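Source file: target-v7.cif; contents: mmCIF, C-alpha atoms.
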data_input
#
loop_
_atom_site.label_atom_id
_atom_site.label_comp_id
_atom_site.auth_asym_id
_atom_site.auth_seq_id
_atom_site.Cartn_x
_atom_site.Cartn_y
_atom_site.Cartn_z
CA MET T 1000 69.90 79.21 114.23
CA THR T 1001 68.48 81.74 111.77
CA ALA T 1002 70.37 81.90 108.47
CA ARG T 1003 72.22 85.15 108.05
CA PRO T 1004 71.77 86.62 104.55
CA ASP T 1005 74.56 87.86 102.31
CA PHE T 1006 72.44 90.89 101.39
CA TYR T 1007 68.87 92.09 101.70
CA ARG T 1008 66.63 95.10 101.11
CA TYR T 1009 66.03 97.27 104.17
CA HIS T 1010 63.39 99.83 103.27
CA ASN T 1011 63.15 101.47 106.67
CA GLY T 1012 60.96 104.56 107.10
CA GLN T 1013 59.87 106.81 104.27
CA PRO T 1014 61.94 108.12 101.33
CA ALA T 1015 63.62 111.45 102.06
CA LYS T 1016 63.37 114.62 100.01
CA LEU T 1017 66.33 114.33 97.64
CA PRO T 1018 68.34 117.28 96.32
CA PHE T 1019 66.47 117.07 92.99
CA GLU T 1020 63.09 115.91 91.73
CA ALA T 1021 62.70 112.36 90.42
CA ALA T 1022 62.49 113.67 86.85
CA GLU T 1023 66.01 115.12 87.16
CA TYR T 1024 67.47 111.74 88.14
CA GLU T 1025 65.49 109.95 85.42
CA THR T 1026 66.86 112.38 82.82
CA ARG T 1027 70.41 111.75 84.02
CA LEU T 1028 69.89 107.99 83.93
CA ALA T 1029 68.37 108.11 80.45
CA GLU T 1030 71.44 109.93 79.14
CA LEU T 1031 73.70 107.53 81.02
CA ARG T 1032 71.99 104.53 79.43
CA ALA T 1033 72.45 106.09 76.00
CA ARG T 1034 76.14 106.56 76.76
CA MET T 1035 76.38 102.99 78.04
CA ALA T 1036 74.80 101.70 74.85
CA GLU T 1037 77.25 103.69 72.77
CA ALA T 1038 80.13 102.20 74.76
CA GLY T 1039 78.63 98.70 74.55
CA ALA T 1040 78.03 98.28 78.30
CA THR T 1041 75.03 96.23 79.39
CA ALA T 1042 75.52 97.09 83.07
CA ALA T 1043 77.47 99.78 84.90
CA VAL T 1044 79.06 99.35 88.32
CA PHE T 1045 79.88 102.75 89.80
CA THR T 1046 82.08 102.98 92.88
CA SER T 1047 82.87 106.71 93.24
CA MET T 1048 81.07 109.10 95.55
CA HIS T 1049 80.52 111.61 92.76
CA ASN T 1050 78.89 109.31 90.21
CA ILE T 1051 76.80 107.48 92.79
CA ALA T 1052 75.54 110.82 94.13
CA TYR T 1053 75.01 112.24 90.64
CA TYR T 1054 72.83 109.39 89.39
CA SER T 1055 71.06 108.38 92.64
CA GLY T 1056 71.24 111.26 95.13
CA PHE T 1057 72.98 109.05 97.72
CA LEU T 1058 76.29 110.37 99.08
CA TYR T 1059 77.96 107.56 100.96
CA CYS T 1060 80.32 107.56 103.94
CA ALA T 1061 82.78 104.76 103.23
CA PHE T 1062 84.80 104.39 106.46
CA GLY T 1063 86.78 101.65 104.72
CA ARG T 1064 83.79 99.85 103.20
CA PRO T 1065 82.95 99.66 99.48
CA TYR T 1066 79.76 101.23 98.11
CA GLY T 1067 78.25 101.09 94.67
CA LEU T 1068 75.54 101.90 92.20
CA VAL T 1069 74.50 99.35 89.60
CA VAL T 1070 72.69 100.64 86.53
CA THR T 1071 71.19 98.35 83.91
CA GLU T 1072 68.73 98.96 81.10
CA THR T 1073 65.85 98.81 83.59
CA GLU T 1074 67.29 99.19 87.10
CA SER T 1075 69.24 101.65 89.22
CA ILE T 1076 70.24 100.19 92.60
CA THR T 1077 72.62 101.50 95.25
CA ILE T 1078 74.74 98.97 97.14
CA SER T 1079 75.52 99.89 100.73
CA ALA T 1080 76.87 98.42 103.96
CA GLY T 1081 74.66 97.14 106.76
CA ILE T 1082 76.11 99.64 109.21
CA ASP T 1083 74.04 102.37 107.47
CA ALA T 1084 70.71 100.51 107.93
CA GLY T 1085 67.91 102.25 105.99
CA GLN T 1086 69.58 105.61 105.37
CA PRO T 1087 70.94 104.71 101.91
CA TRP T 1088 67.51 103.57 100.73
CA ARG T 1089 65.82 106.70 102.07
CA TRP T 1090 68.32 108.87 100.18
CA SER T 1091 68.49 106.93 96.91
CA HIS T 1092 66.51 107.48 93.75
CA GLY T 1093 65.68 103.92 92.74
CA ASP T 1094 66.20 100.81 94.79
CA SER T 1095 68.86 99.97 97.38
CA ILE T 1096 70.45 96.71 98.50
CA THR T 1097 72.22 96.32 101.83
CA TYR T 1098 75.10 93.84 102.08
CA THR T 1099 76.15 92.22 105.36
CA ASP T 1100 79.60 91.59 106.78
CA TRP T 1101 78.91 88.01 107.91
CA GLN T 1102 81.41 86.92 105.26
CA ARG T 1103 83.91 88.72 103.07
CA ASP T 1104 82.85 90.02 99.64
CA ASN T 1105 79.11 90.10 100.21
CA TYR T 1106 79.39 93.48 98.49
CA TRP T 1107 80.19 91.70 95.22
CA ARG T 1108 77.53 89.06 95.80
CA ALA T 1109 74.97 91.86 96.10
CA ILE T 1110 76.19 93.44 92.87
CA LYS T 1111 76.10 90.06 91.10
CA SER T 1112 72.47 89.66 92.13
CA VAL T 1113 71.69 92.63 89.88
CA THR T 1114 74.12 92.16 86.99
CA GLY T 1115 74.40 88.40 86.78
CA GLU T 1116 77.44 86.90 85.07
CA GLY T 1117 78.86 87.37 81.59
CA GLN T 1118 77.72 90.94 80.96
CA VAL T 1119 79.70 93.80 79.43
CA ILE T 1120 80.46 95.78 82.59
CA GLY T 1121 81.12 99.50 82.64
CA TYR T 1122 83.40 100.77 85.39
CA GLU T 1123 85.34 103.88 86.49
CA SER T 1124 89.06 103.57 85.81
CA ASP T 1125 89.81 106.68 87.87
CA HIS T 1126 88.30 105.13 91.00
CA LEU T 1127 88.10 101.33 90.92
CA SER T 1128 91.13 99.93 92.76
CA LEU T 1129 93.20 97.05 91.42
CA LEU T 1130 91.97 94.90 94.30
CA GLN T 1131 88.31 95.58 93.57
CA ARG T 1132 88.79 95.22 89.82
CA ASP T 1133 90.13 91.70 90.40
CA LYS T 1134 87.08 90.89 92.53
CA LEU T 1135 84.76 92.32 89.90
CA GLU T 1136 86.26 89.92 87.37
CA ASP T 1137 86.11 86.98 89.77
CA PHE T 1138 82.47 87.47 90.81
CA LEU T 1139 80.81 88.95 87.72
CA LYS T 1140 82.89 87.09 85.10
CA PRO T 1141 82.27 89.87 82.56
CA SER T 1142 82.45 89.06 78.85
CA ALA T 1143 84.20 92.43 78.54
CA MET T 1144 84.82 95.60 80.54
CA VAL T 1145 84.49 99.17 79.27
CA ASP T 1146 85.68 102.35 80.97
CA LEU T 1147 82.89 104.86 81.65
CA PHE T 1148 85.10 107.41 83.44
CA GLU T 1149 85.42 109.80 80.51
CA THR T 1150 81.83 109.68 79.25
CA THR T 1151 80.26 110.16 82.69
CA MET T 1152 82.61 113.06 83.38
CA ARG T 1153 81.51 114.68 80.10
CA GLN T 1154 77.88 114.25 81.13
CA ARG T 1155 78.47 115.84 84.54
CA MET T 1156 80.26 118.81 82.97
CA MET T 1157 76.99 120.02 81.41
CA LYS T 1158 74.76 121.34 84.19
CA SER T 1159 70.97 121.19 84.15
CA PRO T 1160 68.88 124.20 85.21
CA ALA T 1161 68.18 122.43 88.52
CA GLU T 1162 71.90 121.96 89.16
CA ILE T 1163 72.66 125.57 88.31
CA ALA T 1164 69.96 126.68 90.74
CA LEU T 1165 71.58 124.61 93.52
CA ILE T 1166 75.06 125.89 92.66
CA ARG T 1167 73.70 129.45 92.73
CA HIS T 1168 72.46 128.85 96.28
CA GLY T 1169 75.90 127.53 97.16
CA ALA T 1170 77.64 130.63 95.85
CA GLN T 1171 75.31 132.82 97.89
CA VAL T 1172 75.99 130.77 101.01
CA ALA T 1173 79.73 131.14 100.39
CA ASP T 1174 79.21 134.91 100.33
CA VAL T 1175 77.47 134.69 103.72
CA GLY T 1176 80.54 132.94 105.10
CA GLY T 1177 82.77 135.59 103.55
CA TYR T 1178 81.00 138.43 105.28
CA ALA T 1179 81.10 136.57 108.62
CA ILE T 1180 84.86 136.12 108.20
CA ARG T 1181 85.35 139.78 107.33
CA ASP T 1182 83.52 140.74 110.53
CA ALA T 1183 85.69 138.36 112.60
CA VAL T 1184 89.09 139.50 111.30
CA LYS T 1185 91.17 141.60 113.68
CA ALA T 1186 94.71 141.61 114.97
CA GLY T 1187 95.14 139.26 117.92
CA VAL T 1188 92.62 136.57 116.92
CA ARG T 1189 93.61 133.11 115.68
CA GLU T 1190 93.04 131.67 112.22
CA ILE T 1191 90.88 128.92 113.73
CA ASP T 1192 88.57 131.46 115.43
CA VAL T 1193 87.96 133.28 112.16
CA ALA T 1194 87.43 130.02 110.29
CA MET T 1195 84.82 128.82 112.78
CA ALA T 1196 82.87 132.07 112.42
CA GLY T 1197 82.66 131.57 108.66
CA ARG T 1198 81.79 127.89 108.87
CA ASN T 1199 79.05 128.42 111.46
CA ALA T 1200 77.46 131.20 109.43
CA MET T 1201 77.34 129.00 106.34
CA GLU T 1202 75.90 126.00 108.15
CA PHE T 1203 73.13 128.14 109.64
CA GLU T 1204 72.40 129.52 106.16
CA ILE T 1205 72.34 126.09 104.50
CA ALA T 1206 69.95 124.77 107.16
CA LYS T 1207 67.68 127.78 106.59
CA ARG T 1208 67.63 127.36 102.81
CA PHE T 1209 67.44 123.56 102.78
CA PRO T 1210 65.53 122.41 105.88
CA ASP T 1211 65.08 118.85 104.55
CA ALA T 1212 68.71 118.20 103.58
CA GLU T 1213 71.51 116.19 105.14
CA TYR T 1214 74.28 118.46 106.46
CA ARG T 1215 77.93 117.56 106.19
CA ASP T 1216 81.39 118.72 105.17
CA THR T 1217 81.01 122.53 104.95
CA TRP T 1218 84.36 124.03 105.85
CA VAL T 1219 86.67 127.08 105.79
CA TRP T 1220 90.35 127.38 105.04
CA PHE T 1221 91.39 130.73 106.48
CA GLN T 1222 95.12 131.36 106.20
CA SER T 1223 97.41 134.18 107.27
CA GLY T 1224 101.00 135.21 106.65
CA ILE T 1225 103.24 132.34 105.52
CA ASN T 1226 100.24 130.02 105.57
CA THR T 1227 98.80 131.76 102.48
CA ASP T 1228 101.47 130.35 100.16
CA GLY T 1229 99.35 127.32 99.18
CA ALA T 1230 95.73 127.25 98.10
CA HIS T 1231 94.84 124.23 100.26
CA ASN T 1232 96.86 124.87 103.41
CA PRO T 1233 94.92 123.86 106.54
CA VAL T 1234 93.82 126.20 109.29
CA THR T 1235 96.20 126.74 112.25
CA GLY T 1236 96.25 128.60 115.57
CA ARG T 1237 98.47 131.38 114.16
CA VAL T 1238 97.52 134.79 115.63
CA LEU T 1239 96.77 137.55 113.13
CA GLN T 1240 99.00 140.63 113.13
CA ARG T 1241 98.64 144.08 111.64
CA GLY T 1242 99.77 144.03 108.01
CA ASP T 1243 99.27 140.28 107.56
CA ILE T 1244 98.17 138.97 104.19
CA LEU T 1245 95.12 136.71 104.52
CA SER T 1246 93.38 134.12 102.34
CA LEU T 1247 89.61 133.87 102.83
CA ASN T 1248 88.29 130.51 101.54
CA THR T 1249 84.69 129.50 102.25
CA PHE T 1250 83.42 126.13 101.04
CA PRO T 1251 79.75 125.30 101.59
CA MET T 1252 78.69 121.74 100.79
CA ILE T 1253 75.06 121.24 99.79
CA SER T 1254 74.00 117.65 99.01
CA GLY T 1255 77.38 116.78 97.53
CA TYR T 1256 77.72 120.04 95.60
CA TYR T 1257 80.72 122.15 96.53
CA THR T 1258 81.00 125.87 95.90
CA ALA T 1259 83.73 128.31 96.84
CA LEU T 1260 84.56 131.93 97.60
CA GLU T 1261 88.24 132.87 97.79
CA ARG T 1262 89.63 136.35 98.46
CA THR T 1263 92.89 138.05 99.32
CA MET T 1264 92.66 140.26 102.42
CA PHE T 1265 95.01 142.24 104.66
CA VAL T 1266 94.79 143.09 108.36
CA GLU T 1267 94.39 146.86 108.83
CA GLU T 1268 96.95 147.92 106.19
CA VAL T 1269 98.68 146.74 103.02
CA ASP T 1270 102.25 147.73 102.13
CA PRO T 1271 103.09 149.15 98.65
CA ALA T 1272 104.88 146.03 97.36
CA SER T 1273 101.99 143.79 98.37
CA LEU T 1274 99.45 146.20 96.94
CA LYS T 1275 101.19 146.10 93.55
CA ILE T 1276 101.05 142.28 93.39
CA TRP T 1277 97.47 142.21 94.65
CA GLU T 1278 96.27 144.72 92.08
CA ALA T 1279 98.01 142.80 89.29
CA ASN T 1280 96.29 139.58 90.35
CA VAL T 1281 92.92 141.34 90.53
CA ALA T 1282 93.49 142.67 87.00
CA ALA T 1283 94.30 139.14 85.79
CA HIS T 1284 91.15 137.90 87.53
CA GLU T 1285 88.99 140.47 85.75
CA TYR T 1286 90.69 139.79 82.42
CA GLY T 1287 90.24 136.05 82.87
CA MET T 1288 86.53 136.40 83.61
CA SER T 1289 86.09 138.44 80.43
CA LEU T 1290 87.53 135.53 78.41
CA LEU T 1291 85.02 132.92 79.62
CA LYS T 1292 82.47 132.61 76.82
CA PRO T 1293 81.12 129.91 74.49
CA GLY T 1294 83.45 128.76 71.73
CA VAL T 1295 86.70 129.43 73.59
CA SER T 1296 88.85 126.52 74.72
CA CYS T 1297 90.28 126.11 78.21
CA ALA T 1298 93.79 126.16 76.73
CA GLU T 1299 93.13 129.43 74.89
CA VAL T 1300 91.99 131.13 78.09
CA THR T 1301 95.02 129.79 79.93
CA HIS T 1302 97.52 131.00 77.34
CA LYS T 1303 96.00 134.48 77.29
CA ILE T 1304 96.24 134.85 81.07
CA ASN T 1305 99.79 133.50 80.90
CA GLU T 1306 100.63 136.25 78.43
CA PHE T 1307 98.99 138.83 80.71
CA PHE T 1308 101.22 137.77 83.62
CA ALA T 1309 104.33 137.41 81.46
CA GLU T 1310 103.99 141.00 80.25
CA ARG T 1311 104.17 142.08 83.90
CA ASP T 1312 107.03 139.68 84.75
CA LEU T 1313 104.77 137.73 87.12
CA LEU T 1314 104.17 134.42 85.34
CA GLN T 1315 106.90 132.69 87.35
CA TYR T 1316 104.79 133.22 90.49
CA ARG T 1317 101.75 131.31 89.14
CA THR T 1318 101.21 128.07 91.08
CA PHE T 1319 98.35 126.12 89.38
CA GLY T 1320 95.63 126.33 86.72
CA TYR T 1321 93.26 129.26 86.54
CA GLY T 1322 89.94 127.55 87.25
CA HIS T 1323 87.86 124.36 87.22
CA SER T 1324 84.37 122.96 86.82
CA PHE T 1325 81.78 122.91 89.59
CA GLY T 1326 79.16 120.29 90.36
CA VAL T 1327 79.23 117.07 92.41
CA LEU T 1328 82.63 117.86 93.84
CA SER T 1329 84.51 118.01 97.12
CA HIS T 1330 88.05 118.15 98.44
CA TYR T 1331 88.01 114.36 98.77
CA TYR T 1332 85.90 113.18 95.83
CA GLY T 1333 84.96 114.21 92.34
CA ARG T 1334 86.85 116.07 89.65
CA GLU T 1335 85.65 117.03 86.18
CA ALA T 1336 89.21 117.13 84.91
CA GLY T 1337 88.11 117.78 81.34
CA LEU T 1338 86.99 121.28 82.31
CA GLU T 1339 90.00 122.94 83.90
CA LEU T 1340 91.81 126.10 82.79
CA ARG T 1341 95.16 124.53 81.96
CA GLU T 1342 97.44 124.45 78.95
CA ASP T 1343 96.71 120.78 78.23
CA ILE T 1344 92.89 120.98 78.27
CA ASP T 1345 91.29 121.62 74.86
CA THR T 1346 87.65 121.45 75.99
CA VAL T 1347 85.61 124.23 74.38
CA LEU T 1348 83.31 126.18 76.70
CA GLU T 1349 79.58 125.70 76.14
CA PRO T 1350 76.42 127.20 77.66
CA GLY T 1351 75.47 125.24 80.78
CA MET T 1352 79.01 124.73 82.00
CA VAL T 1353 79.96 126.18 85.40
CA ILE T 1354 83.58 127.16 85.96
CA SER T 1355 85.72 129.26 88.30
CA MET T 1356 88.23 131.96 87.56
CA GLU T 1357 90.91 131.87 90.25
CA PRO T 1358 94.39 133.16 89.38
CA MET T 1359 96.94 132.87 92.18
CA LEU T 1360 100.41 134.34 92.59
CA THR T 1361 102.74 133.19 95.37
CA ILE T 1362 105.70 135.34 96.42
CA ALA T 1363 108.27 133.58 98.60
CA ALA T 1364 108.94 134.58 102.21
CA GLY T 1365 111.56 137.30 102.51
CA GLU T 1366 110.72 138.90 99.18
CA PRO T 1367 108.75 142.17 98.85
CA GLY T 1368 105.05 141.38 98.80
CA ALA T 1369 105.52 137.89 100.24
CA GLY T 1370 102.43 135.70 100.42
CA GLY T 1371 99.75 134.05 98.31
CA TYR T 1372 97.25 136.18 96.35
CA ARG T 1373 94.08 134.58 95.02
CA GLU T 1374 90.64 135.75 93.89
CA HIS T 1375 87.94 133.24 92.98
CA ASP T 1376 84.54 133.71 91.36
CA ILE T 1377 82.09 131.12 89.98
CA LEU T 1378 80.70 131.75 86.51
CA VAL T 1379 77.90 130.10 84.54
CA ILE T 1380 78.58 130.00 80.80
CA THR T 1381 75.62 131.50 78.94
CA GLU T 1382 74.67 131.75 75.27
CA ASP T 1383 76.62 134.95 74.76
CA GLY T 1384 79.14 135.13 77.62
CA ASN T 1385 78.93 134.31 81.32
CA GLU T 1386 77.05 135.13 84.51
CA ASN T 1387 79.09 135.71 87.64
CA ILE T 1388 77.14 134.18 90.54
CA THR T 1389 79.66 135.23 93.23
CA GLY T 1390 78.67 138.42 95.01
CA TYR T 1391 81.31 139.14 97.67
CA PRO T 1392 83.57 142.03 96.51
CA TYR T 1393 87.23 141.49 95.66
CA GLY T 1394 90.20 143.84 95.80
CA PRO T 1395 91.90 146.30 98.22
CA GLU T 1396 89.01 148.75 98.54
CA PHE T 1397 86.84 146.23 100.42
CA ASN T 1398 89.30 143.72 101.81
CA VAL T 1399 91.75 145.66 103.97
CA VAL T 1400 89.93 144.92 107.21
CA GLY T 1401 90.13 144.80 110.99
#

Structure translated into structure tokens:
Amino acid sequence: MTARPDFYRYHNGQPAKLPFEAAEYETRLAELRARMAEAGATAAVFTSMHNIAYYSGFLYCAFGRPYGLVVTETESITISAGIDAGQPWRWSHGDSITYTDWQRDNYWRAIKSVTGEGQVIGYESDHLSLLQRDKLEDFLKPSAMVDLFETTMRQRMMKSPAEIALIRHGAQVADVGGYAIRDAVKAGVREIDVAMAGRNAMEFEIAKRFPDAEYRDTWVWFQSGINTDGAHNPVTGRVLQRGDILSLNTFPMISGYYTALERTMFVEEVDPASLKIWEANVAAHEYGMSLLKPGVSCAEVTHKINEFFAERDLLQYRTFGYGHSFGVLSHYYGREAGLELREDIDTVLEPGMVISMEPMLTIAAGEPGAGGYREHDILVITEDGNENITGYPYGPEFNVVG
């Protein structure tokens, strides 16, 4: 009987065209290694989708299996399950090892083949589970462990020109979805029908712009009436009615990079009470965008918008922070929590950061103007201010439709 290996290299086919050139990944890895050296780590074991994708280009599909990226002073190797065959190698910058499921924990045996025992291991405290941390200690027997969560997040917060170019494409694709949704809105159609129109338009556009990419995870949250009260409420079969408040949310995913367009809309007409709230939120949106410039902290921006709403007796209707970073991000992985517009974030804005402005007010059902109001633009911080890369118009003049 042929011996069944614990892990092996399966270089099947030819390497794919990754989202970025090899030089981009090498630059990221060089900075990572400098950060590892500063932290004292001799090897890093990454387990999150966002860091593995950021440093290698490979975006895994876990389905209950662990995946990894091991970075040492000389190597960068993705660790993937046998069920994926050669796809991880084709889509990884650097090498790739496949582990088998003939016996439990071959994943850690594959990692150990790269790191050896007794090293200072860097890990991600925001992702590594207690179970897997125990296995890391059992198999790798590290002399010490250091948390790389914070330093890698800080690295990802600063976008390269290549990343900004990809994010710019994403914002333009989101606009395409927005216009398709606007065309689909009319009384009598369901939320799901409108959402599908926006999603299909974006997927066609992504495939046109990136013919060599992998396609996955582009989606739309299109909400109406009571369903607009939360920013992340799922799509339903609710039928649109004249006078309904709507939330347009388009989310193209391009090679692990999420972008977003979010707009308040109304079907055919908007009542005076709703119009007053909507216009106030639009004014806060414009004011907030004017505040995003180098040298200003996230907390400062937040407090100023808070004051803006408080002066209009609307602050009590705010539901979450006013914006967040963009990059390797999705609704189920990734978060550059150090760059969010919240009271407890003191990060100072710098050129090369990419951040949203997205104030939202939610008025409870039964009150005048009931519903959720949100506008969302993506802005690149420049040397002297910001560049708004979202093009779809906001406000009542364009978004009373149907």

Which residues match the PyMOL selection byres ((chain T and resi 1081) around 12) in the file above, as number ranges by chain?
T: 1004-1009, 1061, 1064-1066, 1078-1080, 1082-1088, 1095-1101, 1105-1106, 1109

Ranking T:Gly1176, T:Gly1320, T:Gly1394, T:Gly1255 by minimum distance to Glu1278 (chain T) and counting all atoms listed in the file, which one comes first?
T:Gly1394

Where does the PyMOL selection byres ((chain T and resi 1158) around 12) land in this file, that is, which residues does it pick, as an MDAnalysis selection string?
chainID T and resid 1023 1027 1053 1152:1157 1159:1167 1256 1324:1327 1335 1349:1354 1379:1381

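If you look at CA of Ser1112 (chain T) and CA of Ser1075 (chain T), they are 12.8 Å away from each other.
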
What is the distance between CA of Gly1117 (chain T) and CA of His1010 (chain T), in Å to one decimal?
29.4 Å

I'd like to know which of T:Leu1247, T:Val1300, T:Val1175, T:Val1145 is closest to Val1193 (chain T), using all atoms listed in the file.
T:Leu1247

Reference answer for the PyMOL selection byres ((chain T and resi 1137) around 12), as a ChimeraX atom specification
/T:1104,1107-1108,1111,1116-1117,1130-1136,1138-1142

Excluding Tyr1054 (chain T) and any residue of its chain fewer than 3 positions from it, enumerate the residues within 8 Å of it, using all atoms listed in the file, and give them as a PDB file with C-alpha atoms, in the coordinates of the input.
ATOM      1  CA  TYR T1024      67.470 111.740  88.140  1.00  0.00           C
ATOM      2  CA  ARG T1027      70.410 111.750  84.020  1.00  0.00           C
ATOM      3  CA  LEU T1028      69.890 107.990  83.930  1.00  0.00           C
ATOM      4  CA  ASN T1050      78.890 109.310  90.210  1.00  0.00           C
ATOM      5  CA  ILE T1051      76.800 107.480  92.790  1.00  0.00           C
ATOM      6  CA  HIS T1092      66.510 107.480  93.750  1.00  0.00           C
TER       7      HIS T1092
END

Report, in Å to a single decimal, how far apart CA of Met1252 (chain T) and CA of Gly1236 (chain T) are.
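Between CA of Gly1236 (chain T) and CA of Met1252 (chain T) the gap works out to 24.0 Å.
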
Residues near Met1288 (chain T), cut-off 12 Å, all atoms listed in the file, skip fewer than 4 positions along chain, as number ranges by chain
T: 1281-1284, 1292, 1300-1301, 1303-1304, 1321-1322, 1340, 1354-1358, 1374-1380, 1384-1389
